[in-house]
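Chemist: Let me give you the structure first, and then I'll get to my questions.
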Number of protein chains: 4
Amino acid sequence: MIRIGVIGYGYWGPNIVRNLRGLEGCEVAGVCDLNAAALKRVSQTHPGVPVTANPTDLLTSTEIDAIAVVTPVSTHFELARAALNNGKHVFIEKPFTCTTRQAEELIELGERKKLTIMVDHTFLFTGAVKKIRELLDEGVLGDLYYYDSTRVNLGLFQHDVSVVWDLAPHDLAIMDFLIQAKPEAVVATGEAHLNGLVDVAYLTIYFPGNTIAHINVNWLSPVKIRTTLIGGEKKMLVWNDLEADEKIKVYDKGVQKQNGSGVYDLLVSYRAGDMWAPRVEQAEALKVELGYFIDCVTRNRTPLNDGVAGSRVVRLLEAADQSLSERGKVIQL
Amino acid sequence: MIRIGVIGYGYWGPNIVRNLRGLEGCEVAGVCDLNAAALKRVSQTHPGVPVTANPTDLLTSTEIDAIAVVTPVSTHFELARAALNNGKHVFIEKPFTCTTRQAEELIELGERKKLTIMVDHTFLFTGAVKKIRELLDEGVLGDLYYYDSTRVNLGLFQHDVSVVWDLAPHDLAIMDFLIQAKPEAVVATGEAHLNGLVDVAYLTIYFPGNTIAHINVNWLSPVKIRTTLIGGEKKMLVWNDLEADEKIKVYDKGVQKQNGSGVYDLLVSYRAGDMWAPRVEQAEALKVELGYFIDCVTRNRTPLNDGVAGSRVVRLLEAADQSLSERGKVIQL
Amino acid sequence: MIRIGVIGYGYWGPNIVRNLRGLEGCEVAGVCDLNAAALKRVSQTHPGVPVTANPTDLLTSTEIDAIAVVTPVSTHFELARAALNNGKHVFIEKPFTCTTRQAEELIELGERKKLTIMVDHTFLFTGAVKKIRELLDEGVLGDLYYYDSTRVNLGLFQHDVSVVWDLAPHDLAIMDFLIQAKPEAVVATGEAHLNGLVDVAYLTIYFPGNTIAHINVNWLSPVKIRTTLIGGEKKMLVWNDLEADEKIKVYDKGVQKQNGSGVYDLLVSYRAGDMWAPRVEQAEALKVELGYFIDCVTRNRTPLNDGVAGSRVVRLLEAADQSLSERGKVIQL
Amino acid sequence: MIRIGVIGYGYWGPNIVRNLRGLEGCEVAGVCDLNAAALKRVSQTHPGVPVTANPTDLLTSTEIDAIAVVTPVSTHFELARAALNNGKHVFIEKPFTCTTRQAEELIELGERKKLTIMVDHTFLFTGAVKKIRELLDEGVLGDLYYYDSTRVNLGLFQHDVSVVWDLAPHDLAIMDFLIQAKPEAVVATGEAHLNGLVDVAYLTIYFPGNTIAHINVNWLSPVKIRTTLIGGEKKMLVWNDLEADEKIKVYDKGVQKQNGSGVYDLLVSYRAGDMWAPRVEQAEALKVELGYFIDCVTRNRTPLNDGVAGSRVVRLLEAADQSLSERGKVIQL
């Protein structure tokens, strides 16, 4: 039985607590939030769960094995470090930390203390992303040409981080999971229109060979779009996360290189065939992920979304910020 | 009666000839193509129209007032220069030329000879673009925050130009027409996967103030997308050119800056209201544009899509190429 | 403070209890279900709410002012009659009863006892239906030509009632609310394919003048559709309840009668204008409806969705069944 | 070489002439229309093709082997009879005739004269309908449960026939081709709102066993819909003819009967799997059909869409009219 203390009960915290309470093998041993109204909501929805406004109560409790850090990113490092120093495993919101230096310090601390760190890259546990990974692993798509994601909507504006740190971590974590190659360079462009924080941004990530990724994030779009195009040598797919069913459509379409001599000959030819929408698992991703956290802690296994994975995402965010600050300067990684 | 010679009868030429033949005030005085099969198609569809495999026949004919250049971009400069030197007005495919130097030479020559140059930026004559321009002119959208276009599909691969020179001229011409400010910098990223030409590309164009434009062009997409998001201070719109009706949707949605003190307060607030799809004129854009060409020539007026407009687009394409060749280097204009 | 006993905690009951608990002015005084697992779920989610497997406990309790009947339709009459006889107001699931005779007996009993009966025609309390009613009341659509609803999906198969009694009550209640004329005749066709109950059905309802309604209900559709077309003399609208935003689209399209003499002249002409998607209120309809129930009981007002409204829907269902049993015989009302 | 005279050059005639001229093995030997403007359009588009305002010129010409009747339905019988009596094969617009008696007379005449009659049921020659037929023939869908088509749009109002005779022939011809069983009964409801002709109509067709078909046709819809749902025992499909690609989607979804005893047990269970959009042939259906006509005439073969098929559709239209005139009376066939 893993006893977990949850720090932070704002937008995402309630989902963490609700899912933990529905899982076997763990127990919510306490919830902390600075906001009294938040704590009142905990007590109403989860009578009997201890609450506190002081994180130290949870961080130092001997009744607690793990801490879920569900707070703004600026507080991640301090809270996670304290948790690890007190011998607690850590489940922590994305993005992992504000800097790669912080990330590395936490990773090193976790290793030394033999404690598990899991970064909440929830999308890796959706049926859609798992299915795409499966298609890539099985070679259905062939070599990867590009990964192109659009994640736009109206708000929710953050007061402390830009749209890059708010929305792009989802895409960067998914991309990191699917592409599994070391990125070479980042170019980020964008603009701030309202409160000084970038609210429209475009990231390009160059990989070895000719694989390229692009991420379009925007808080000022009148419509919500969650669409990723993935082009492979053999097949191409579209993942529309807003579709209730048929989230993933695999197209038997492609282009082949050809020999051609005349100046008017096309050097490529097309293939157009069936489209296929594989059935995608419908389980709530956060529940699957938290179950995996319990499992990793219990069996002492390294999660795929460990601190190192979290650190890779933070490294890309840092590079994007650096590029943005110079209107799109190329940042070599 | 303006007598027009058409050079090039490949993919787009037949549309030029068909539309010219349906217009009052002009006459197709000859069609030229190097390809005998193309000339045979002319004769079958338009019996009586003279054909030739030698462009000089048209360029030097005293029976011809204007030349339509509908050939690959690499031939534009030579053909247009010859036409102007022979005292003929020029209607020319986009992109205008391969370089701004060529564009400037043609502009200068046209001015000296008092001849009209019109670059075929067809989209400016669609009901959709005209309606968007109207909404901007009337201040319905307010100050422009961003212009974000996606123009992707499978093929048609060009053997001589990249996807940037093939598809982006549409967006750059529309953007130039709608934004009417001088761009400051271009950043372009992308990759070539098949025949050495870039087939996936992303362009960011920075304007004065905080207006930003982004163009996503791709020949390797399994689905066709023609969607532009335009975000303004007051309203936002989505232009989906693939919709049969309701191509433009105007959203009474917006974000306002607010005073807020607490660290947990949002500094912006949202407004969500009605959506409205104005009726959009359905006339064939190319027909409208060619009628406008006849009119400009007849009345000796400077077209809005003149050589100077064409040159501005070429300048951005050049900058994009330069940026692409260094993986996204920022090019100041 | 209205104290409410809820009988039935299957599919819909949990929504009733959850919403009642979130409302001011009422209290859930007890929940009854024959199924022990259902009662266990009540206690987990709503600790402190009394539960019982015996409906009589609630029906006869002096601590209870009103009963919500959330059970299969075959039990509605007995439970509602007992509630009314015990002096309790009644909130009851649709369809109201199995027969109009039962409905009339309950209405008469309610009137005699001066008790409120409200039938759960939830859709009348959605933002979409309220907006459509507003458009009709304001004459925006003009005279009503037709009402055409499609409500199809895969399952959820009922074991006790046909698709007509399961899905059509929604449409009939909405139609009754929007059209506000007395239907003249019903024609229903359909077929049973699996368990002897009709699972695909088509209802036509004739109204005075030339207003016609049609309802397509189907448990065997691979896709979910919830679309209603409403054609008026002046404007037409489409209500797509599956759209997250823009549920209602009003088209400035119409047809006018014209004088025409020649045999080849069209006698009608078309008008095509803008489309407009009015903003629709997003509140949870059931919460609004239950608040309205509390209000009607408290202020002793007759709800618009009273027993009489419920009875009108049952009358149409009865007529549909009769028609169906003779493969579409016309049933005069 | 089959020499064909085309009578009627209104809405559809130009497509017939254009396609015939593009086919090997036939020649357009003359075009007739009462309208001088129509004949002028023929001469402009097809210089050299003889034109006449007198159908007898074509019907009696010894230079003509076959007549295409592309006129309003009220003239079909007279023109087709004259053509057959003059020894000419007949290609004729849908619906075949105004009455089954007329249809039978033409069929009998055609048989006696050993001449081919083909009714223009164009949709049978689309890639979509051919693919659906293939899926049915191969047993992919299993036994057919229902066929449910919606074919609605704004106009084009006919001045001489109702929406049933205008739009439903498409669906009835497709249904006749796909279901291949003898319908047992027809129920049709509908209403006229403008010029006295029914403009909104709903047809149910009962087949042996429990197969049911339904057709929704409407000239007063603000949106265009061309969607057919087909439910089978094993699989279900949706055919959306307005989709550019992916016109047909086959769903691996189904319902199985089950044994179940308890009153709360569902007696059916669901299966939800992949969706699959088979590639559909893109050739122009009318061209394929006219090529088939030439082939049938040349090889003396009976077309699948012969007079008998045309007569079956007319029989259903007659029954629908009869049912409509009594507000949905069941018509046994």
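Here's how to read the names in the structure tokens: chain A, B, ... by the order shown, residue numbers from 1 in each chain, ligand numbers from 1 in the order shown.
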What's around region 285-296 of chain D at 8 Å? Count only C-alpha atoms, leave out sequence neighbours fewer than 3 positions away in its own chain, and write the answer as a list in words.

Modeler: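 Residues meeting the cut-off are Ile2, Asn15, Ile16, Asn19, Leu20, Leu23, Gly25, Cys26, Phe91, Thr116, Met118, Asp120, Thr122, Phe123, Leu124, Phe125, Thr126, Gly127, Arg299, Asn300, Arg301, Thr302 and Pro303 of chain D.
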
Chemist: Set the cut-off to 10 Å and count only C-alpha atoms: what are the residues of chain A that reach chain C? Output as a list in words.

Modeler: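 On the chain A side, the interface is Gln44, Thr45, His46, Pro47, Val223 and Asp245 of chain A.
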
Chemist: Please provide as a PyMOL selection string all residues within 8 Å of region 176-189 of chain C, with the sequence filter that same-chain residues fewer than 6 positions apart are discarded (counting only C-alpha atoms).

Modeler: (chain C and resi 124+132-133+136+144+201-208+309+312-313+316+319-321+323-324+327-333) or (chain D and resi 187+189+204+328)

Chemist: Store the residues of this selection in a file with N, CA and C atoms, as an mmCIF file, in the first residue's frame.

Modeler:
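Full text of out19.cif as output:
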data_model
loop_
_atom_site.group_PDB
_atom_site.id
_atom_site.type_symbol
_atom_site.label_atom_id
_atom_site.label_comp_id
_atom_site.auth_asym_id
_atom_site.auth_seq_id
_atom_site.Cartn_x
_atom_site.Cartn_y
_atom_site.Cartn_z
ATOM 1 N N LEU C 124 -35.953 20.343 -22.850
ATOM 2 C CA LEU C 124 -36.604 21.665 -22.857
ATOM 3 C C LEU C 124 -35.787 22.685 -22.083
ATOM 4 N N ILE C 132 -33.994 27.970 -29.719
ATOM 5 C CA ILE C 132 -34.855 27.709 -30.885
ATOM 6 C C ILE C 132 -36.273 28.229 -30.601
ATOM 7 N N ARG C 133 -36.744 27.971 -29.399
ATOM 8 C CA ARG C 133 -38.074 28.468 -29.029
ATOM 9 C C ARG C 133 -38.127 29.991 -29.139
ATOM 10 N N LEU C 136 -38.364 31.030 -32.712
ATOM 11 C CA LEU C 136 -39.721 30.815 -33.216
ATOM 12 C C LEU C 136 -40.662 31.886 -32.661
ATOM 13 N N LEU C 144 -43.765 27.698 -39.684
ATOM 14 C CA LEU C 144 -42.971 26.477 -39.641
ATOM 15 C C LEU C 144 -43.391 25.524 -40.749
ATOM 16 N N ALA C 201 -36.892 2.973 -36.290
ATOM 17 C CA ALA C 201 -38.273 3.447 -36.495
ATOM 18 C C ALA C 201 -38.285 4.866 -37.056
ATOM 19 N N TYR C 202 -39.350 5.153 -37.800
ATOM 20 C CA TYR C 202 -39.538 6.446 -38.454
ATOM 21 C C TYR C 202 -40.947 6.924 -38.153
ATOM 22 N N LEU C 203 -41.068 8.091 -37.536
ATOM 23 C CA LEU C 203 -42.375 8.631 -37.183
ATOM 24 C C LEU C 203 -42.647 9.890 -37.986
ATOM 25 N N THR C 204 -43.837 9.969 -38.560
ATOM 26 C CA THR C 204 -44.286 11.226 -39.148
ATOM 27 C C THR C 204 -45.459 11.725 -38.321
ATOM 28 N N ILE C 205 -45.443 13.013 -38.012
ATOM 29 C CA ILE C 205 -46.577 13.602 -37.290
ATOM 30 C C ILE C 205 -47.109 14.749 -38.140
ATOM 31 N N TYR C 206 -48.404 14.661 -38.480
ATOM 32 C CA TYR C 206 -49.054 15.719 -39.256
ATOM 33 C C TYR C 206 -49.673 16.746 -38.319
ATOM 34 N N PHE C 207 -49.449 17.997 -38.622
ATOM 35 C CA PHE C 207 -50.051 19.092 -37.858
ATOM 36 C C PHE C 207 -51.030 19.842 -38.762
ATOM 37 N N PRO C 208 -51.905 20.665 -38.168
ATOM 38 C CA PRO C 208 -52.801 21.478 -38.991
ATOM 39 C C PRO C 208 -51.979 22.367 -39.931
ATOM 40 N N ALA C 309 -48.369 17.802 -20.337
ATOM 41 C CA ALA C 309 -47.347 17.721 -21.392
ATOM 42 C C ALA C 309 -46.866 16.279 -21.527
ATOM 43 N N ARG C 312 -49.379 14.231 -23.406
ATOM 44 C CA ARG C 312 -49.386 14.456 -24.870
ATOM 45 C C ARG C 312 -48.325 13.591 -25.564
ATOM 46 N N VAL C 313 -47.165 13.492 -24.914
ATOM 47 C CA VAL C 313 -46.105 12.663 -25.489
ATOM 48 C C VAL C 313 -46.503 11.187 -25.476
ATOM 49 N N LEU C 316 -48.810 10.282 -28.289
ATOM 50 C CA LEU C 316 -48.129 10.112 -29.570
ATOM 51 C C LEU C 316 -47.395 8.766 -29.630
ATOM 52 N N ALA C 319 -49.927 6.103 -30.264
ATOM 53 C CA ALA C 319 -50.345 6.136 -31.669
ATOM 54 C C ALA C 319 -49.254 5.535 -32.552
ATOM 55 N N ALA C 320 -47.993 5.831 -32.232
ATOM 56 C CA ALA C 320 -46.881 5.288 -33.016
ATOM 57 C C ALA C 320 -46.864 3.766 -32.916
ATOM 58 N N ASP C 321 -47.070 3.250 -31.717
ATOM 59 C CA ASP C 321 -47.092 1.793 -31.541
ATOM 60 C C ASP C 321 -48.208 1.150 -32.356
ATOM 61 N N SER C 323 -49.633 2.361 -35.014
ATOM 62 C CA SER C 323 -49.287 2.474 -36.431
ATOM 63 C C SER C 323 -48.253 1.417 -36.821
ATOM 64 N N LEU C 324 -47.225 1.287 -35.988
ATOM 65 C CA LEU C 324 -46.160 0.327 -36.248
ATOM 66 C C LEU C 324 -46.682 -1.098 -36.355
ATOM 67 N N ARG C 327 -47.741 -1.853 -39.791
ATOM 68 C CA ARG C 327 -46.765 -1.449 -40.825
ATOM 69 C C ARG C 327 -46.992 -0.043 -41.354
ATOM 70 N N GLY C 328 -47.417 0.863 -40.493
ATOM 71 C CA GLY C 328 -47.506 2.255 -40.925
ATOM 72 C C GLY C 328 -48.921 2.761 -41.147
ATOM 73 N N LYS C 329 -49.894 2.087 -40.557
ATOM 74 C CA LYS C 329 -51.279 2.579 -40.705
ATOM 75 C C LYS C 329 -51.370 4.016 -40.180
ATOM 76 N N VAL C 330 -52.155 4.853 -40.869
ATOM 77 C CA VAL C 330 -52.336 6.233 -40.427
ATOM 78 C C VAL C 330 -53.245 6.236 -39.191
ATOM 79 N N ILE C 331 -52.777 6.843 -38.122
ATOM 80 C CA ILE C 331 -53.584 6.933 -36.897
ATOM 81 C C ILE C 331 -54.036 8.371 -36.727
ATOM 82 N N GLN C 332 -55.325 8.588 -36.826
ATOM 83 C CA GLN C 332 -55.862 9.930 -36.588
ATOM 84 C C GLN C 332 -55.907 10.160 -35.088
ATOM 85 N N LEU C 333 -55.564 11.353 -34.674
ATOM 86 C CA LEU C 333 -55.547 11.609 -33.215
ATOM 87 C C LEU C 333 -56.837 12.292 -32.783
ATOM 88 N N VAL D 187 -44.863 3.053 -47.615
ATOM 89 C CA VAL D 187 -45.576 4.087 -46.856
ATOM 90 C C VAL D 187 -44.861 5.398 -47.139
ATOM 91 N N THR D 189 -45.008 9.657 -46.467
ATOM 92 C CA THR D 189 -45.623 10.840 -45.860
ATOM 93 C C THR D 189 -44.895 12.060 -46.400
ATOM 94 N N THR D 204 -40.990 4.861 -46.604
ATOM 95 C CA THR D 204 -40.541 3.601 -46.020
ATOM 96 C C THR D 204 -40.882 2.490 -46.990
ATOM 97 N N GLY D 328 -50.110 8.827 -45.894
ATOM 98 C CA GLY D 328 -49.294 7.729 -45.389
ATOM 99 C C GLY D 328 -49.968 6.376 -45.371
#

Chemist: Restricting the calculation to only C-alpha atoms, which member of B:Glu63, B:Arg81, B:Val119, B:Ala128 is positioned closest to Glu105 (chain B)?

Modeler: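 Nearest to Glu105 (chain B): B:Arg81.
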
Chemist: Quick check for you: according to DSSP on this backbone, which residues of region 29-261 of chain C are classed as strand (DSSP E)? Reply as a ChimeraX atom specification.

Modeler: /C:29-32,51-52,66-69,89-93,117-120,144-154,185-192,198-206,212-218,220-232,236-240,248-257

Chemist: I'd like the neighbourhood of Ala82 (chain B) as a list in words, where a residue qualifies if any of its atoms comes within 12 Å (using only C-alpha atoms), though same-chain residues fewer than 2 positions away should be ignored.

Modeler: Pro55, Thr56, Asp57, Leu58, Leu59, Thr60, Ser61, Ala66, Ile67, Val69, Thr75, His76, Phe77, Glu78, Leu79, Ala80, Leu84, Asn85, Asn86, Gly87, Lys88, His89, Val90, Leu106, Leu109 and Gly110 of chain B

Chemist: Please write the residues from the selection above to a file, keeping C-alpha atoms, as a PDB file, in the first residue's frame.

Modeler:
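File again18.pdb, as written:
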ATOM      1  CA  PRO B  55       7.062  31.767 -78.360  1.00  0.00           C
ATOM      2  CA  THR B  56       8.670  34.355 -80.604  1.00  0.00           C
ATOM      3  CA  ASP B  57       5.679  34.064 -82.945  1.00  0.00           C
ATOM      4  CA  LEU B  58       3.520  35.533 -80.223  1.00  0.00           C
ATOM      5  CA  LEU B  59       6.096  37.815 -78.625  1.00  0.00           C
ATOM      6  CA  THR B  60       6.765  39.645 -81.860  1.00  0.00           C
ATOM      7  CA  SER B  61       3.329  39.506 -83.462  1.00  0.00           C
ATOM      8  CA  ALA B  66      -0.621  41.385 -74.298  1.00  0.00           C
ATOM      9  CA  ILE B  67       1.135  38.168 -73.336  1.00  0.00           C
ATOM     10  CA  VAL B  69       3.087  33.910 -69.318  1.00  0.00           C
ATOM     11  CA  THR B  75      11.361  30.993 -67.825  1.00  0.00           C
ATOM     12  CA  HIS B  76       9.327  33.942 -66.503  1.00  0.00           C
ATOM     13  CA  PHE B  77      12.011  36.576 -66.678  1.00  0.00           C
ATOM     14  CA  GLU B  78      13.125  35.946 -70.269  1.00  0.00           C
ATOM     15  CA  LEU B  79       9.590  35.700 -71.604  1.00  0.00           C
ATOM     16  CA  ALA B  80       8.257  38.721 -69.740  1.00  0.00           C
ATOM     17  CA  LEU B  84       7.742  44.116 -72.606  1.00  0.00           C
ATOM     18  CA  ASN B  85      10.531  44.902 -75.030  1.00  0.00           C
ATOM     19  CA  ASN B  86       8.091  44.131 -77.843  1.00  0.00           C
ATOM     20  CA  GLY B  87       5.575  46.555 -76.343  1.00  0.00           C
ATOM     21  CA  LYS B  88       3.193  43.985 -74.900  1.00  0.00           C
ATOM     22  CA  HIS B  89       1.421  44.080 -71.554  1.00  0.00           C
ATOM     23  CA  VAL B  90       2.127  41.086 -69.339  1.00  0.00           C
ATOM     24  CA  LEU B 106      10.876  43.916 -65.244  1.00  0.00           C
ATOM     25  CA  LEU B 109      11.123  48.079 -67.953  1.00  0.00           C
ATOM     26  CA  GLY B 110       7.313  48.097 -67.644  1.00  0.00           C
TER      27      GLY B 110
END

Chemist: Work out how far CA of Ala103 (chain C) is from CA of Ala68 (chain C), in Å to one decimal.

Modeler: 16.2 Å

Chemist: Between CA of Val17 (chain C) and CA of Pro95 (chain C), what is the spacing in Å?

Modeler: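 Between these atoms lies a distance of 19.4 Å.
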
Chemist: Select from region 76-158 of chain B everything DSSP, run on the backbone, classes as helix (DSSP H, G or I), then give the selection as a PyMOL selection string.

Modeler: chain B and resi 76-85+100-113+122-125+127-137

Chemist: What does the file look like for those residues with N, CA and C atoms, as an mmCIF file, in the first residue's frame?

Modeler:
data_model
loop_
_atom_site.group_PDB
_atom_site.id
_atom_site.type_symbol
_atom_site.label_atom_id
_atom_site.label_comp_id
_atom_site.auth_asym_id
_atom_site.auth_seq_id
_atom_site.Cartn_x
_atom_site.Cartn_y
_atom_site.Cartn_z
ATOM 1 N N HIS B 76 10.129 32.720 -66.597
ATOM 2 C CA HIS B 76 9.327 33.942 -66.503
ATOM 3 C C HIS B 76 10.079 35.190 -66.969
ATOM 4 N N PHE B 77 11.285 35.326 -66.431
ATOM 5 C CA PHE B 77 12.011 36.576 -66.678
ATOM 6 C C PHE B 77 12.248 36.807 -68.170
ATOM 7 N N GLU B 78 12.803 35.796 -68.845
ATOM 8 C CA GLU B 78 13.125 35.946 -70.269
ATOM 9 C C GLU B 78 11.886 36.281 -71.084
ATOM 10 N N LEU B 79 10.805 35.522 -70.809
ATOM 11 C CA LEU B 79 9.590 35.700 -71.604
ATOM 12 C C LEU B 79 8.954 37.066 -71.339
ATOM 13 N N ALA B 80 8.897 37.447 -70.074
ATOM 14 C CA ALA B 80 8.257 38.721 -69.740
ATOM 15 C C ALA B 80 9.084 39.883 -70.281
ATOM 16 N N ARG B 81 10.407 39.761 -70.183
ATOM 17 C CA ARG B 81 11.260 40.838 -70.692
ATOM 18 C C ARG B 81 11.074 41.008 -72.196
ATOM 19 N N ALA B 82 11.051 39.876 -72.911
ATOM 20 C CA ALA B 82 10.847 39.929 -74.354
ATOM 21 C C ALA B 82 9.495 40.557 -74.681
ATOM 22 N N ALA B 83 8.462 40.163 -73.921
ATOM 23 C CA ALA B 83 7.131 40.711 -74.175
ATOM 24 C C ALA B 83 7.134 42.218 -73.988
ATOM 25 N N LEU B 84 7.719 42.680 -72.886
ATOM 26 C CA LEU B 84 7.742 44.116 -72.606
ATOM 27 C C LEU B 84 8.565 44.854 -73.672
ATOM 28 N N ASN B 85 9.688 44.258 -74.010
ATOM 29 C CA ASN B 85 10.531 44.902 -75.030
ATOM 30 C C ASN B 85 9.814 45.001 -76.368
ATOM 31 N N THR B 100 14.503 38.840 -56.848
ATOM 32 C CA THR B 100 14.003 40.214 -56.800
ATOM 33 C C THR B 100 14.722 41.078 -57.834
ATOM 34 N N ARG B 101 15.978 40.739 -58.129
ATOM 35 C CA ARG B 101 16.678 41.533 -59.161
ATOM 36 C C ARG B 101 15.943 41.455 -60.487
ATOM 37 N N GLN B 102 15.537 40.220 -60.852
ATOM 38 C CA GLN B 102 14.759 40.056 -62.089
ATOM 39 C C GLN B 102 13.454 40.849 -61.993
ATOM 40 N N ALA B 103 12.807 40.752 -60.848
ATOM 41 C CA ALA B 103 11.522 41.444 -60.674
ATOM 42 C C ALA B 103 11.703 42.937 -60.867
ATOM 43 N N GLU B 104 12.744 43.461 -60.256
ATOM 44 C CA GLU B 104 12.970 44.906 -60.352
ATOM 45 C C GLU B 104 13.257 45.346 -61.781
ATOM 46 N N GLU B 105 14.011 44.515 -62.487
ATOM 47 C CA GLU B 105 14.306 44.850 -63.887
ATOM 48 C C GLU B 105 13.021 44.904 -64.706
ATOM 49 N N LEU B 106 12.147 43.932 -64.494
ATOM 50 C CA LEU B 106 10.876 43.916 -65.244
ATOM 51 C C LEU B 106 9.995 45.108 -64.867
ATOM 52 N N ILE B 107 9.950 45.418 -63.583
ATOM 53 C CA ILE B 107 9.135 46.562 -63.136
ATOM 54 C C ILE B 107 9.628 47.847 -63.803
ATOM 55 N N GLU B 108 10.941 47.995 -63.767
ATOM 56 C CA GLU B 108 11.547 49.201 -64.341
ATOM 57 C C GLU B 108 11.251 49.293 -65.838
ATOM 58 N N LEU B 109 11.375 48.133 -66.513
ATOM 59 C CA LEU B 109 11.123 48.079 -67.953
ATOM 60 C C LEU B 109 9.657 48.406 -68.256
ATOM 61 N N GLY B 110 8.747 47.839 -67.457
ATOM 62 C CA GLY B 110 7.313 48.097 -67.644
ATOM 63 C C GLY B 110 6.989 49.574 -67.478
ATOM 64 N N GLU B 111 7.607 50.166 -66.452
ATOM 65 C CA GLU B 111 7.340 51.598 -66.212
ATOM 66 C C GLU B 111 7.827 52.457 -67.380
ATOM 67 N N ARG B 112 9.030 52.104 -67.829
ATOM 68 C CA ARG B 112 9.610 52.880 -68.907
ATOM 69 C C ARG B 112 8.766 52.786 -70.166
ATOM 70 N N LYS B 113 8.260 51.565 -70.431
ATOM 71 C CA LYS B 113 7.481 51.341 -71.646
ATOM 72 C C LYS B 113 6.006 51.657 -71.415
ATOM 73 N N THR B 122 -4.136 34.853 -57.891
ATOM 74 C CA THR B 122 -5.571 34.582 -58.093
ATOM 75 C C THR B 122 -6.407 34.748 -56.823
ATOM 76 N N PHE B 123 -5.863 34.291 -55.686
ATOM 77 C CA PHE B 123 -6.666 34.283 -54.461
ATOM 78 C C PHE B 123 -7.191 35.659 -54.060
ATOM 79 N N LEU B 124 -6.468 36.718 -54.483
ATOM 80 C CA LEU B 124 -6.924 38.066 -54.117
ATOM 81 C C LEU B 124 -8.292 38.360 -54.715
ATOM 82 N N PHE B 125 -8.690 37.556 -55.703
ATOM 83 C CA PHE B 125 -9.946 37.806 -56.403
ATOM 84 C C PHE B 125 -11.044 36.827 -56.010
ATOM 85 N N GLY B 127 -13.988 35.468 -53.480
ATOM 86 C CA GLY B 127 -14.957 36.078 -52.575
ATOM 87 C C GLY B 127 -14.458 36.046 -51.132
ATOM 88 N N ALA B 128 -13.781 34.964 -50.767
ATOM 89 C CA ALA B 128 -13.333 34.819 -49.384
ATOM 90 C C ALA B 128 -12.307 35.881 -49.009
ATOM 91 N N VAL B 129 -11.264 36.035 -49.836
ATOM 92 C CA VAL B 129 -10.209 36.996 -49.490
ATOM 93 C C VAL B 129 -10.761 38.428 -49.542
ATOM 94 N N LYS B 130 -11.623 38.681 -50.510
ATOM 95 C CA LYS B 130 -12.212 40.025 -50.576
ATOM 96 C C LYS B 130 -13.035 40.320 -49.320
ATOM 97 N N LYS B 131 -13.763 39.308 -48.844
ATOM 98 C CA LYS B 131 -14.574 39.507 -47.641
ATOM 99 C C LYS B 131 -13.681 39.739 -46.412
ATOM 100 N N ILE B 132 -12.577 39.002 -46.323
ATOM 101 C CA ILE B 132 -11.676 39.172 -45.171
ATOM 102 C C ILE B 132 -11.072 40.583 -45.205
ATOM 103 N N ARG B 133 -10.667 41.019 -46.369
ATOM 104 C CA ARG B 133 -10.101 42.351 -46.494
ATOM 105 C C ARG B 133 -11.107 43.416 -46.051
ATOM 106 N N GLU B 134 -12.359 43.177 -46.437
ATOM 107 C CA GLU B 134 -13.452 44.085 -46.064
ATOM 108 C C GLU B 134 -13.612 44.128 -44.536
ATOM 109 N N LEU B 135 -13.558 42.954 -43.913
ATOM 110 C CA LEU B 135 -13.702 42.886 -42.455
ATOM 111 C C LEU B 135 -12.548 43.600 -41.764
ATOM 112 N N LEU B 136 -11.358 43.482 -42.330
ATOM 113 C CA LEU B 136 -10.198 44.175 -41.769
ATOM 114 C C LEU B 136 -10.333 45.680 -41.984
ATOM 115 N N ASP B 137 -10.704 46.079 -43.186
ATOM 116 C CA ASP B 137 -10.811 47.508 -43.504
ATOM 117 C C ASP B 137 -11.852 48.185 -42.621
#

Chemist: Mind pulling up the distance from CA of Met236 (chain C) to CA of Lys249 (chain D)?

Modeler: 29.3 Å

Chemist: With distances taken over only C-alpha atoms, which of B:Asp166, B:Ala244, B:Ala173, B:Leu154 is nearest to Ala272 (chain A)?

Modeler: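 That would be B:Leu154, the residue with the smallest distance to Ala272 (chain A).
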